[in-house]
Amino acid sequence: MRIYALEEHMATADVVEAWRRQDPGLSEPMMQWAVASDVTPALLDLDEGRLAAMDDAGIDVAVLSLTTPGLQNLSAAEAVALQEPTNDAIAAAVRRHPERLQGFATLATPTPAAAATELRRAVVELGLNGAMLNARSGDRGVDAIEFWDIYEAAAHLRAPIYLHPRAPLPVVNQAYYGGFGGSVDDLLATGAIGWHYDAGVTILRMITSGLFDRFPDLQVILGHWGEVVLFYLDRVAVLDRVTRLQRPVTEYFRSNIHITPGGIASHKYLRWTVETVGADRVLYASDYPFNRERDGSVTRFLRTAPISATEGEGLAFRNWETIVAGIRR
């Protein structure tokens, strides 16, 4: 049983330097971890160290993606200048290790038209399998219509978009997550809960905007068991009273959205996800290197999962292989 992991982060030295220029004080919590912590070397390693970590966890194939905030906190000019070399670096790593690595493109969302053009190049010419977007570009949520060029390109290519959290806006951090100091504030705003609310609201805005009615072939992947919103769909359904969508809001989760654990190894959440969206829409992700699985823990998680053998194969490899096989090159 091959195991694919879809939220496996990386960085390049050029992107790290651009982040330092953009945010010299590393005020965004993610910057502190990505740029100046013991995680940084693992993000930069696309060869033996990464492969060894995959072997230790029990992961056969990792789908690389530039870690949050990607290029989405940079100026338009700098983001455009970096998107091609970053994707070339991901593609080069895949070529070095074709049996072990795949890749998601990173996109210069501050210039959506250029991002859409690069997505086409990355998928058709470089062989990458979609793109990772973070929930906010600058101060704009990526649900906004100005980003729809990207989704149109993704839908045409049938290439998935992995929607990843980004730290909420500073004013939101201060109002909801501040006041405790240091690492407590940072974790409340990011990995504990703030990231996930932010990304969950973004996917709801994407749905209610009519994005999936306009591009019914568009497929989005949500990590962290659906970014909170998956567990509240019975309540979210009240939106059906006021939206003018072609289908109930919850139906988009069963036709246009896929779910991964994003490093949260919970059989309880897995059961809920399978019941809510169906086993054929669940994929695996470990969130490396921010979450480091060890001693075959991924293999154990899948083998002991409270689902059928067929469903387990779907989670491990078949569901992802089906998505990749449908991409238009």
# chains A, B, ... in the order shown; residues from 1 in each chain; ligands from 1
$ residues_around --residues "Ile207 (chain A)" --least-positions-apart "6" --cutoff "10 Å" --atoms "only C-alpha atoms" --output "PDB file with C-alpha atoms, in the first residue's frame"
ATOM      1  CA  ASP A 143     -12.301  34.051  -2.317  1.00  0.00           C
ATOM      2  CA  VAL A 201     -14.422  30.952   6.633  1.00  0.00           C
ATOM      3  CA  ASP A 213     -21.269  27.210  -9.714  1.00  0.00           C
ATOM      4  CA  THR A 243     -27.945  32.303  -0.877  1.00  0.00           C
ATOM      5  CA  LEU A 245     -26.598  28.883  -5.179  1.00  0.00           C
ATOM      6  CA  PRO A 248     -27.207  23.362  -0.867  1.00  0.00           C
ATOM      7  CA  VAL A 249     -23.970  24.592   0.702  1.00  0.00           C
ATOM      8  CA  THR A 250     -23.181  21.192   2.202  1.00  0.00           C
ATOM      9  CA  TYR A 252     -20.254  21.397  -2.394  1.00  0.00           C
ATOM     10  CA  PHE A 253     -18.270  19.580   0.294  1.00  0.00           C
ATOM     11  CA  ASN A 256     -15.817  19.982  -4.947  1.00  0.00           C
TER      12      ASN A 256
END
$ select_by_dssp --residues "region 14-257 of chain A" --states "strand (DSSP E)" --output "MDAnalysis selection string"
chainID A and resid 61:66 101:103 105:106 131:134 136:137 140:141 161:164 220:222 257
$ write_last_selection --atoms "N, CA and C atoms" --output "short mmCIF file (atom, residue, chain, number, x, y, z; two decimals), in the first residue's frame"
data_model
loop_
_atom_site.label_atom_id
_atom_site.label_comp_id
_atom_site.auth_asym_id
_atom_site.auth_seq_id
_atom_site.Cartn_x
_atom_site.Cartn_y
_atom_site.Cartn_z
N VAL A 61 5.42 8.79 -0.90
CA VAL A 61 5.50 9.92 -1.83
C VAL A 61 5.01 11.17 -1.11
N ALA A 62 5.82 12.23 -1.16
CA ALA A 62 5.44 13.52 -0.59
C ALA A 62 5.17 14.49 -1.72
N VAL A 63 4.08 15.25 -1.59
CA VAL A 63 3.74 16.29 -2.56
C VAL A 63 4.20 17.62 -1.97
N LEU A 64 5.27 18.16 -2.52
CA LEU A 64 5.91 19.35 -1.97
C LEU A 64 5.08 20.60 -2.21
N SER A 65 5.14 21.51 -1.25
CA SER A 65 4.49 22.82 -1.42
C SER A 65 5.25 23.86 -0.62
N LEU A 66 5.38 25.05 -1.20
CA LEU A 66 6.02 26.15 -0.49
C LEU A 66 5.20 26.48 0.75
N LEU A 101 8.82 12.01 -4.83
CA LEU A 101 8.33 13.38 -4.69
C LEU A 101 7.41 13.76 -5.84
N GLN A 102 6.39 14.54 -5.51
CA GLN A 102 5.56 15.26 -6.47
C GLN A 102 5.50 16.71 -5.99
N GLY A 103 4.74 17.55 -6.68
CA GLY A 103 4.74 18.95 -6.28
C GLY A 103 3.46 19.69 -6.58
N ALA A 105 2.33 23.69 -7.31
CA ALA A 105 2.90 24.97 -7.70
C ALA A 105 2.65 26.01 -6.62
N THR A 106 3.54 26.99 -6.56
CA THR A 106 3.29 28.19 -5.76
C THR A 106 3.02 29.33 -6.73
N ALA A 131 -1.86 23.36 -7.31
CA ALA A 131 -1.19 24.46 -6.62
C ALA A 131 -1.66 24.53 -5.18
N MET A 132 -0.83 25.13 -4.34
CA MET A 132 -1.24 25.46 -2.99
C MET A 132 -1.45 26.96 -2.90
N LEU A 133 -2.62 27.37 -2.43
CA LEU A 133 -2.91 28.77 -2.13
C LEU A 133 -3.12 28.90 -0.64
N ASN A 134 -2.67 30.02 -0.10
CA ASN A 134 -2.96 30.35 1.29
C ASN A 134 -4.20 31.24 1.33
N ARG A 136 -5.15 33.96 2.38
CA ARG A 136 -5.15 35.41 2.19
C ARG A 136 -3.95 35.80 1.34
N SER A 137 -4.18 36.74 0.43
CA SER A 137 -3.12 37.33 -0.39
C SER A 137 -3.04 38.81 -0.03
N ARG A 140 -6.27 40.54 1.36
CA ARG A 140 -7.49 40.09 0.69
C ARG A 140 -7.64 38.58 0.79
N GLY A 141 -8.82 38.13 1.16
CA GLY A 141 -9.11 36.72 1.13
C GLY A 141 -9.14 36.21 -0.31
N ILE A 161 -6.60 22.66 -6.17
CA ILE A 161 -6.04 23.75 -5.37
C ILE A 161 -6.07 23.31 -3.91
N TYR A 162 -4.91 23.27 -3.28
CA TYR A 162 -4.86 22.99 -1.84
C TYR A 162 -4.95 24.33 -1.12
N LEU A 163 -6.03 24.54 -0.38
CA LEU A 163 -6.24 25.80 0.35
C LEU A 163 -5.65 25.65 1.75
N HIS A 164 -4.61 26.41 2.01
CA HIS A 164 -3.88 26.30 3.28
C HIS A 164 -4.13 27.55 4.12
N VAL A 220 -10.99 21.61 -4.63
CA VAL A 220 -10.19 22.24 -3.57
C VAL A 220 -9.93 21.21 -2.48
N ILE A 221 -8.72 21.21 -1.96
CA ILE A 221 -8.34 20.33 -0.87
C ILE A 221 -8.19 21.18 0.38
N LEU A 222 -8.83 20.75 1.47
CA LEU A 222 -8.72 21.41 2.77
C LEU A 222 -7.98 20.50 3.73
N ILE A 257 -14.81 19.44 -2.80
CA ILE A 257 -13.84 19.62 -1.72
C ILE A 257 -13.35 18.26 -1.23
#
$ atom_distance --atom1 "CA of Gly262 (chain A)" --atom2 "CA of Asp139 (chain A)"
24.4 Å
$ closest_residue --among "A:Ala57, A:Ala135, A:Leu188, A:Val124" --to "Leu204 (chain A)" --atoms "only C-alpha atoms"
A:Ala135
$ residues_around --residues "Gly182 (chain A)" --least-positions-apart "5" --cutoff "12 Å" --atoms "only C-alpha atoms" --output "list of chain:residue names"
A:Ser27, A:Pro29, A:Gln32, A:Tyr177, A:Leu187, A:Leu188, A:Ala189
$ residues_around --residues "Leu107 (chain A)" --least-positions-apart "3" --cutoff "9 Å" --atoms "only C-alpha atoms" --output "count of residues only"
21
$ decode --residues "region 90-103 of chain A" --atoms "N, CA and C atoms" --output "PDB file, in the first residue's frame"
ATOM      1  N   ILE A  90      10.979  23.115  -7.307  1.00  0.00           N
ATOM      2  CA  ILE A  90      10.139  21.977  -6.917  1.00  0.00           C
ATOM      3  C   ILE A  90      10.200  20.906  -7.999  1.00  0.00           C
ATOM      4  N   ALA A  91      10.066  21.315  -9.257  1.00  0.00           N
ATOM      5  CA  ALA A  91      10.094  20.352 -10.353  1.00  0.00           C
ATOM      6  C   ALA A  91      11.448  19.654 -10.449  1.00  0.00           C
ATOM      7  N   ALA A  92      12.528  20.373 -10.168  1.00  0.00           N
ATOM      8  CA  ALA A  92      13.853  19.763 -10.200  1.00  0.00           C
ATOM      9  C   ALA A  92      13.992  18.700  -9.118  1.00  0.00           C
ATOM     10  N   ALA A  93      13.450  18.967  -7.939  1.00  0.00           N
ATOM     11  CA  ALA A  93      13.483  17.968  -6.871  1.00  0.00           C
ATOM     12  C   ALA A  93      12.693  16.727  -7.263  1.00  0.00           C
ATOM     13  N   VAL A  94      11.546  16.931  -7.918  1.00  0.00           N
ATOM     14  CA  VAL A  94      10.745  15.797  -8.388  1.00  0.00           C
ATOM     15  C   VAL A  94      11.520  14.985  -9.417  1.00  0.00           C
ATOM     16  N   ARG A  95      12.225  15.666 -10.308  1.00  0.00           N
ATOM     17  CA  ARG A  95      13.019  14.940 -11.308  1.00  0.00           C
ATOM     18  C   ARG A  95      14.152  14.146 -10.663  1.00  0.00           C
ATOM     19  N   ARG A  96      14.732  14.684  -9.585  1.00  0.00           N
ATOM     20  CA  ARG A  96      15.799  13.954  -8.903  1.00  0.00           C
ATOM     21  C   ARG A  96      15.271  12.703  -8.198  1.00  0.00           C
ATOM     22  N   HIS A  97      14.017  12.790  -7.721  1.00  0.00           N
ATOM     23  CA  HIS A  97      13.444  11.694  -6.940  1.00  0.00           C
ATOM     24  C   HIS A  97      12.030  11.392  -7.442  1.00  0.00           C
ATOM     25  N   PRO A  98      11.906  10.942  -8.680  1.00  0.00           N
ATOM     26  CA  PRO A  98      10.571  10.825  -9.292  1.00  0.00           C
ATOM     27  C   PRO A  98       9.663   9.807  -8.618  1.00  0.00           C
ATOM     28  N   GLU A  99      10.223   8.835  -7.935  1.00  0.00           N
ATOM     29  CA  GLU A  99       9.399   7.837  -7.246  1.00  0.00           C
ATOM     30  C   GLU A  99       8.996   8.274  -5.841  1.00  0.00           C
ATOM     31  N   ARG A 100       9.578   9.374  -5.364  1.00  0.00           N
ATOM     32  CA  ARG A 100       9.341   9.786  -3.980  1.00  0.00           C
ATOM     33  C   ARG A 100       8.681  11.144  -3.838  1.00  0.00           C
ATOM     34  N   LEU A 101       8.822  12.010  -4.829  1.00  0.00           N
ATOM     35  CA  LEU A 101       8.330  13.378  -4.693  1.00  0.00           C
ATOM     36  C   LEU A 101       7.409  13.760  -5.843  1.00  0.00           C
ATOM     37  N   GLN A 102       6.389  14.543  -5.507  1.00  0.00           N
ATOM     38  CA  GLN A 102       5.561  15.262  -6.468  1.00  0.00           C
ATOM     39  C   GLN A 102       5.499  16.710  -5.989  1.00  0.00           C
ATOM     40  N   GLY A 103       4.736  17.552  -6.685  1.00  0.00           N
ATOM     41  CA  GLY A 103       4.739  18.947  -6.280  1.00  0.00           C
ATOM     42  C   GLY A 103       3.462  19.691  -6.576  1.00  0.00           C
TER      43      GLY A 103
END
